[in-house]
file structure_21.csv (CSV, C-alpha atoms and all ligand atoms)
chain,number,residue,atom,x,y,z
A,1,MET,CA,80.2,9.3,138.5
A,2,LEU,CA,83.8,8.5,137.6
A,3,GLU,CA,86.7,10.0,139.5
A,4,ILE,CA,89.5,11.2,137.2
A,5,VAL,CA,93.1,12.2,138.0
A,6,SER,CA,95.0,13.7,135.1
A,7,LEU,CA,98.8,13.8,135.1
A,8,THR,CA,100.8,15.6,132.4
A,9,LEU,CA,103.9,13.5,131.8
A,10,GLY,CA,106.9,12.9,129.6
A,11,PRO,CA,108.8,14.6,126.7
A,12,ALA,CA,105.6,15.6,124.9
A,13,GLN,CA,103.7,16.8,128.0
A,14,THR,CA,101.1,14.1,127.4
A,15,ASN,CA,98.0,13.8,129.6
A,16,ALA,CA,97.5,10.4,131.3
A,17,TYR,CA,94.1,9.9,132.7
A,18,LEU,CA,93.7,7.7,135.8
A,19,VAL,CA,90.0,7.0,135.8
A,20,ALA,CA,88.2,5.1,138.6
A,21,ASP,CA,84.8,3.7,139.5
A,22,PRO,CA,84.8,4.8,143.1
A,23,GLN,CA,82.2,2.1,144.0
A,24,SER,CA,84.5,-0.8,143.0
A,25,GLY,CA,87.9,0.9,143.3
A,26,GLU,CA,88.7,-0.4,139.9
A,27,ALA,CA,90.7,1.9,137.7
A,28,VAL,CA,91.8,2.2,134.1
A,29,VAL,CA,94.6,4.3,132.8
A,30,ILE,CA,93.7,5.9,129.5
A,31,ASP,CA,97.1,6.6,127.9
A,32,PRO,CA,99.8,5.7,130.4
A,33,ALA,CA,101.9,8.4,128.9
A,34,TRP,CA,105.2,8.3,130.7
A,35,ASP,CA,106.6,7.8,134.3
A,36,GLY,CA,104.5,4.8,135.2
A,37,ASP,CA,105.7,5.0,138.8
A,38,ARG,CA,103.9,8.4,139.2
A,39,ILE,CA,100.7,6.9,137.8
A,40,LEU,CA,101.0,4.0,140.2
A,41,ALA,CA,101.6,6.3,143.1
A,42,ALA,CA,98.4,8.3,142.3
A,43,ALA,CA,96.4,5.1,142.2
A,44,GLN,CA,97.8,3.9,145.5
A,45,GLU,CA,97.1,7.3,147.1
A,46,HIS,CA,93.4,6.9,146.2
A,47,GLY,CA,93.3,3.2,147.0
A,48,TRP,CA,92.4,2.2,143.4
A,49,ARG,CA,93.4,-0.9,141.6
A,50,ILE,CA,94.6,-0.5,138.0
A,51,ALA,CA,92.9,-3.3,136.1
A,52,HIS,CA,93.1,-1.9,132.6
A,53,LEU,CA,95.2,0.1,130.2
A,54,TRP,CA,93.3,1.6,127.3
A,55,TYR,CA,95.1,3.4,124.5
A,56,THR,CA,93.7,6.1,122.3
A,57,HIS,CA,96.5,5.3,119.9
A,58,ALA,CA,100.0,3.8,120.1
A,59,HIS,CA,102.3,6.8,119.9
A,60,PHE,CA,105.2,6.4,122.3
A,61,ASP,CA,104.3,9.4,124.3
A,62,HIS,CA,100.9,7.9,125.1
A,63,ILE,CA,102.2,4.4,126.1
A,64,GLY,CA,105.6,5.1,127.6
A,65,GLY,CA,104.5,4.4,131.2
A,66,ALA,CA,102.9,1.0,130.4
A,67,GLY,CA,105.9,-1.2,131.1
A,68,ALA,CA,106.5,0.2,134.6
A,69,ILE,CA,102.8,0.0,135.5
A,70,ALA,CA,102.6,-3.6,134.4
A,71,ASP,CA,105.8,-4.6,136.1
A,72,ALA,CA,104.3,-3.5,139.4
A,73,LEU,CA,100.9,-5.2,139.0
A,74,ASN,CA,99.7,-8.8,139.5
A,75,PRO,CA,97.4,-9.7,137.8
A,76,LEU,CA,98.6,-7.8,134.8
A,77,PRO,CA,96.3,-5.1,133.5
A,78,LEU,CA,94.3,-5.8,130.3
A,79,VAL,CA,95.6,-3.7,127.4
A,80,ALA,CA,93.2,-2.5,124.8
A,81,LEU,CA,94.2,-1.0,121.4
A,82,HIS,CA,92.7,-0.7,117.9
A,83,PRO,CA,94.3,-3.3,115.6
A,84,ALA,CA,95.1,-0.7,113.0
A,85,ASP,CA,97.7,0.7,115.5
A,86,HIS,CA,99.3,-2.7,116.3
A,87,THR,CA,102.1,-2.1,113.8
A,88,LEU,CA,102.9,1.3,115.4
A,89,TRP,CA,102.8,-0.4,118.8
A,90,ARG,CA,105.4,-3.0,117.7
A,91,ALA,CA,107.6,-0.1,116.5
A,92,GLU,CA,107.7,1.3,120.1
A,93,GLY,CA,105.1,3.9,119.0
A,94,GLY,CA,107.6,5.6,116.7
A,95,ALA,CA,110.0,6.4,119.6
A,96,PRO,CA,113.2,5.5,117.6
A,97,LEU,CA,112.2,8.2,115.0
A,98,PHE,CA,112.6,10.7,117.9
A,99,GLY,CA,115.8,9.1,119.2
A,100,LEU,CA,114.1,7.5,122.2
A,101,ARG,CA,113.4,4.0,123.4
A,102,ILE,CA,110.4,2.9,125.5
A,103,ASP,CA,109.3,-0.4,127.2
A,104,PRO,CA,105.9,-0.8,125.5
A,105,GLY,CA,104.7,-3.2,128.3
A,106,PRO,CA,102.3,-6.1,127.8
A,107,GLU,CA,101.0,-6.9,124.3
A,108,PRO,CA,97.5,-5.5,123.7
A,109,THR,CA,95.0,-8.4,123.9
A,110,ILE,CA,91.7,-6.5,123.5
A,111,ASP,CA,91.0,-5.2,120.0
A,112,LEU,CA,89.0,-2.0,120.1
A,113,VAL,CA,86.2,-1.9,117.6
A,114,HIS,CA,84.0,1.1,116.8
A,115,GLY,CA,80.8,0.9,118.8
A,116,MET,CA,82.0,-1.6,121.4
A,117,ARG,CA,81.3,-1.0,125.1
A,118,MET,CA,84.1,-1.1,127.7
A,119,GLN,CA,83.1,-1.6,131.3
A,120,LEU,CA,84.7,-0.1,134.3
A,121,GLY,CA,82.8,-1.2,137.4
A,122,GLN,CA,79.3,0.0,136.8
A,123,VAL,CA,80.3,2.6,134.1
A,124,GLN,CA,80.1,2.0,130.4
A,125,PHE,CA,82.5,3.6,127.9
A,126,GLU,CA,81.6,3.6,124.2
A,127,VAL,CA,84.5,3.1,121.8
A,128,ARG,CA,84.6,5.6,118.8
A,129,HIS,CA,87.1,4.9,116.1
A,130,THR,CA,88.5,8.3,115.2
A,131,PRO,CA,91.3,7.8,112.7
A,132,GLY,CA,93.3,10.6,111.1
A,133,HIS,CA,96.1,11.2,113.6
A,134,THR,CA,96.9,7.5,113.4
A,135,PRO,CA,94.9,4.8,111.6
A,136,GLY,CA,93.8,3.1,114.8
A,137,HIS,CA,93.1,6.2,116.9
A,138,CYS,CA,90.0,5.8,119.2
A,139,SER,CA,88.1,8.0,121.6
A,140,PHE,CA,86.2,6.8,124.7
A,141,TYR,CA,82.8,8.3,125.3
A,142,VAL,CA,81.1,8.2,128.7
A,143,ALA,CA,77.5,9.3,128.1
A,144,GLN,CA,76.4,9.3,131.7
A,145,ASP,CA,79.2,11.8,132.7
A,146,SER,CA,79.2,13.7,129.3
A,147,LEU,CA,82.9,13.0,128.7
A,148,LEU,CA,85.0,12.2,125.7
A,149,PHE,CA,88.5,11.0,126.2
A,150,CYS,CA,89.7,12.1,122.8
A,151,GLY,CA,93.5,11.6,122.7
A,152,ASP,CA,95.1,13.5,119.8
A,153,LEU,CA,91.9,13.9,117.9
A,154,ILE,CA,91.2,17.5,118.9
A,155,PHE,CA,92.7,19.9,121.5
A,156,GLN,CA,91.7,23.3,122.9
A,157,GLY,CA,92.3,25.5,119.8
A,158,SER,CA,94.1,22.9,117.8
A,159,VAL,CA,93.9,19.4,116.3
A,160,GLY,CA,96.1,16.3,116.1
A,161,ARG,CA,98.9,16.4,113.6
A,162,THR,CA,98.6,14.3,110.5
A,163,ASP,CA,102.1,14.5,109.1
A,164,LEU,CA,103.4,11.3,110.9
A,165,PRO,CA,103.2,7.9,109.3
A,166,GLY,CA,99.6,6.8,108.8
A,167,GLY,CA,98.2,10.2,109.3
A,168,SER,CA,95.3,11.6,107.1
A,169,TRP,CA,93.9,15.2,107.3
A,170,GLU,CA,90.7,14.2,105.5
A,171,GLN,CA,90.1,11.3,108.0
A,172,LEU,CA,90.9,13.6,111.0
A,173,VAL,CA,88.4,16.2,110.0
A,174,ASN,CA,85.8,13.6,109.3
A,175,SER,CA,86.4,12.0,112.7
A,176,ILE,CA,86.1,15.3,114.5
A,177,ARG,CA,82.8,16.2,112.7
A,178,THR,CA,81.2,12.8,113.0
A,179,GLN,CA,82.5,11.5,116.3
A,180,ALA,CA,83.1,14.5,118.5
A,181,PHE,CA,80.9,17.4,117.1
A,182,SER,CA,77.9,15.0,116.9
A,183,LEU,CA,77.9,15.0,120.8
A,184,PRO,CA,76.1,17.5,122.9
A,185,ASP,CA,77.8,20.9,123.2
A,186,GLU,CA,78.4,20.5,127.0
A,187,THR,CA,80.4,17.3,126.5
A,188,ARG,CA,83.8,17.7,128.1
A,189,LEU,CA,86.8,16.9,125.9
A,190,LEU,CA,89.7,15.4,127.8
A,191,SER,CA,92.5,15.6,125.3
A,192,GLY,CA,96.0,14.0,125.0
A,193,HIS,CA,97.7,17.4,125.4
A,194,GLY,CA,96.7,20.7,126.9
A,195,PRO,CA,93.7,21.8,129.0
A,196,GLU,CA,90.2,20.4,129.0
A,197,THR,CA,87.6,22.0,126.7
A,198,THR,CA,84.1,21.2,125.5
A,199,VAL,CA,82.5,20.3,122.2
A,200,GLY,CA,80.6,23.6,122.1
A,201,GLU,CA,83.7,25.7,122.7
A,202,GLN,CA,85.6,23.9,119.9
A,203,LYS,CA,82.7,24.1,117.5
A,204,ARG,CA,82.6,27.9,118.0
A,205,SER,CA,86.3,28.7,118.2
A,206,ASN,CA,88.7,26.0,116.9
A,207,PRO,CA,90.5,27.7,114.0
A,208,PHE,CA,90.9,24.3,112.2
A,209,VAL,CA,87.4,22.9,112.3
A,210,ALA,CA,85.0,25.5,113.7
A,211,GLU,CA,81.5,25.3,112.2
B,1,ZN,ZN,99.9,11.0,119.0
B,2,ZN,ZN,100.1,12.9,121.7

call {"tool": "encode", "arguments": {"input": "structure_21.csv", "output": "C-alpha cells"}}
result
Amino acid sequence: MLEIVSLTLGPAQTNAYLVADPQSGEAVVIDPAWDGDRILAAAQEHGWRIAHLWYTHAHFDHIGGAGAIADALNPLPLVALHPADHTLWRAEGGAPLFGLRIDPGPEPTIDLVHGMRMQLGQVQFEVRHTPGHTPGHCSFYVAQDSLLFCGDLIFQGSVGRTDLPGGSWEQLVNSIRTQAFSLPDETRLLSGHGPETTVGEQKRSNPFVAE
C-alpha cells in the first residue's frame, strides 16, 4: 500500500502529492505544485528518496516547485509529462499570463502515453490520458489501492476549467465519463485542488457531470 502526504501549496492552493512505496523508500511527487523546499522537507522527514516527478499537466501552479526539488537532488528526478503539454511546459506553464515567473526545473524526458504503466517500487500506476483542461492532461490510476490522482480533471463538486489555452469542454466531459466514472464507485479521487472525494460521490452529486 502506498503512503501519501498531500501538501496544499502556492498561489492557486494546489495539491502536491508526495507518494512513496514504503518498502523501497522510493517516492514520486505527483504535481510538485510550489515551494519545493517544503516538499523536500516532507520527504526527508519520512526518510523517502524522491526519484520521480510526474505531472498531470503543465500549468505553472502544478510544476512551480520542480526547480527547487531538482536543485537539491542528485541524481536528478525523472520527469514525466504528456507530449501534448510540452508547449505549455516551455511557456512556464502559462505563469507569465498571470504576471508570475517560475523555474520549471529539468526538461521532461518521459513521454506519458495513454495506457502505459509507471512503476514506483512494487506499485504500478496506469496512465490515463484525460484531456480537456489541457491537451496533455493525464491521470494516474493505482488499481491495487483504488486511487486516481486526477489533477484538474474533476474536483469535489466541480470540474477543471476549460477556458484557458488548449481547453475543451467536450473533451473534459468525455474524459470524466470514460476515464474516471468508468472506475469503481469506491475509487478515491485525489484532485489538484480541494478535498478528496470518490467516483461514486461525484457520479451522484457533481453539478456539472452527475449521472
Ligand atoms: Zn491546471
Ligand atoms: Zn490546477

call {"tool": "residues_near_ligand", "arguments": {"input": "structure_21.csv", "ligand": "ligand ZN 2 (chain B)", "cutoff": "12 Å", "atoms": "only C-alpha atoms and all ligand atoms", "output": "ChimeraX atom specification"}}
result
/A:8-16,31-34,55-64,93-94,133-134,137,150-155,159-162,164,191-194

call {"tool": "closest_residue", "arguments": {"input": "structure_21.csv", "among": "A:Ala180, A:Val142, A:Leu112, A:Ala41", "to": "Glu126 (chain A)", "atoms": "all atoms listed in the file"}}
result
A:Val142

call {"tool": "residues_around", "arguments": {"input": "structure_21.csv", "residues": "Gln202 (chain A)", "least_positions_apart": "3", "cutoff": "10 Å", "atoms": "only C-alpha atoms", "output": "list in words"}}
result
Ile154, Phe155, Gln156, Gly157, Ser158, Ala180, Phe181, Asp185, Leu189, Thr197, Thr198, Val199, Ser205, Asn206, Pro207, Phe208, Val209, Ala210 and Glu211 of chain A

call {"tool": "write_last_selection", "arguments": {"input": "structure_21.csv", "atoms": "C-alpha atoms", "output": "CSV table (one decimal), in the frame of the given file"}}
result
chain,number,residue,atom,x,y,z
A,154,ILE,CA,91.2,17.5,118.9
A,155,PHE,CA,92.7,19.9,121.5
A,156,GLN,CA,91.7,23.3,122.9
A,157,GLY,CA,92.3,25.5,119.8
A,158,SER,CA,94.1,22.9,117.8
A,180,ALA,CA,83.1,14.5,118.5
A,181,PHE,CA,80.9,17.4,117.1
A,185,ASP,CA,77.8,20.9,123.2
A,189,LEU,CA,86.8,16.9,125.9
A,197,THR,CA,87.6,22.0,126.7
A,198,THR,CA,84.1,21.2,125.5
A,199,VAL,CA,82.5,20.3,122.2
A,205,SER,CA,86.3,28.7,118.2
A,206,ASN,CA,88.7,26.0,116.9
A,207,PRO,CA,90.5,27.7,114.0
A,208,PHE,CA,90.9,24.3,112.2
A,209,VAL,CA,87.4,22.9,112.3
A,210,ALA,CA,85.0,25.5,113.7
A,211,GLU,CA,81.5,25.3,112.2

call {"tool": "residues_near_point", "arguments": {"input": "structure_21.csv", "point": "(93.5, 14.3, 106.0)", "cutoff": "10 Å", "atoms": "only C-alpha atoms", "output": "list in words"}}
result
Pro131, Gly132, His133, Arg161, Thr162, Asp163, Gly167, Ser168, Trp169, Glu170, Gln171, Leu172, Val173 and Asn174 of chain A

call {"tool": "closest_residue", "arguments": {"input": "structure_21.csv", "among": "A:Gly200, A:Pro104, A:Pro135, A:Gly115", "to": "His82 (chain A)", "atoms": "only C-alpha atoms"}}
result
A:Pro135

call {"tool": "closest_residue", "arguments": {"input": "structure_21.csv", "among": "A:Leu53, A:Leu147, A:Leu88, A:Leu73", "to": "ligand ZN 1 (chain B)", "atoms": "only C-alpha atoms and all ligand atoms"}}
result
A:Leu88

call {"tool": "atom_distance", "arguments": {"input": "structure_21.csv", "atom1": "CA of Arg188 (chain A)", "atom2": "CA of Phe149 (chain A)"}}
result
8.4 Å

call {"tool": "closest_residue", "arguments": {"input": "structure_21.csv", "among": "A:Gly121, A:Gly136, A:Pro184, A:Pro108", "to": "ligand ZN 1 (chain B)", "atoms": "all atoms listed in the file"}}
result
A:Gly136

call {"tool": "atom_distance", "arguments": {"input": "structure_21.csv", "atom1": "CA of Thr187 (chain A)", "atom2": "CA of Ser146 (chain A)"}}
result
4.7 Å

call {"tool": "atom_distance", "arguments": {"input": "structure_21.csv", "atom1": "CA of Phe125 (chain A)", "atom2": "CA of Ala84 (chain A)"}}
result
20.0 Å

call {"tool": "closest_atom_pairs", "arguments": {"input": "structure_21.csv", "of": "region 55-171 of chain A", "to": "region 46-50 of chain A", "cutoff": "12 Å", "atoms": "only C-alpha atoms", "output": "JSON lines"}}
result
{"residue": "A:Ala66", "atom": "CA", "partner": "A:Ile50", "partner_atom": "CA", "distance": 11.4}
{"residue": "A:Ile69", "atom": "CA", "partner": "A:Ile50", "partner_atom": "CA", "distance": 8.6}
{"residue": "A:Ala70", "atom": "CA", "partner": "A:Ile50", "partner_atom": "CA", "distance": 9.3}
{"residue": "A:Ala72", "atom": "CA", "partner": "A:Ile50", "partner_atom": "CA", "distance": 10.2}
{"residue": "A:Leu73", "atom": "CA", "partner": "A:Ile50", "partner_atom": "CA", "distance": 7.9}
{"residue": "A:Asn74", "atom": "CA", "partner": "A:Ile50", "partner_atom": "CA", "distance": 9.9}
{"residue": "A:Pro75", "atom": "CA", "partner": "A:Ile50", "partner_atom": "CA", "distance": 9.6}
{"residue": "A:Leu76", "atom": "CA", "partner": "A:Ile50", "partner_atom": "CA", "distance": 8.9}
{"residue": "A:Pro77", "atom": "CA", "partner": "A:Ile50", "partner_atom": "CA", "distance": 6.7}
{"residue": "A:Leu78", "atom": "CA", "partner": "A:Ile50", "partner_atom": "CA", "distance": 9.4}
{"residue": "A:Val79", "atom": "CA", "partner": "A:Ile50", "partner_atom": "CA", "distance": 11.1}
{"residue": "A:Leu120", "atom": "CA", "partner": "A:Ile50", "partner_atom": "CA", "distance": 10.6}
{"residue": "A:Gly121", "atom": "CA", "partner": "A:Arg49", "partner_atom": "CA", "distance": 11.4}

call {"tool": "residues_near_point", "arguments": {"input": "structure_21.csv", "point": "(84.9, 12.4, 139.5)", "cutoff": "12 Å", "atoms": "all atoms listed in the file", "output": "PyMOL selection string"}}
result
chain A and resi 1-6+17-23+144-147

call {"tool": "closest_residue", "arguments": {"input": "structure_21.csv", "among": "A:Ala80, A:Leu40, A:Ala51, A:Ala68", "to": "Ile102 (chain A)", "atoms": "all atoms listed in the file"}}
result
A:Ala68

call {"tool": "closest_residue", "arguments": {"input": "structure_21.csv", "among": "A:Gly25, A:Gly166, A:Pro96, A:Pro106", "to": "ligand ZN 1 (chain B)", "atoms": "all atoms listed in the file"}}
result
A:Gly166
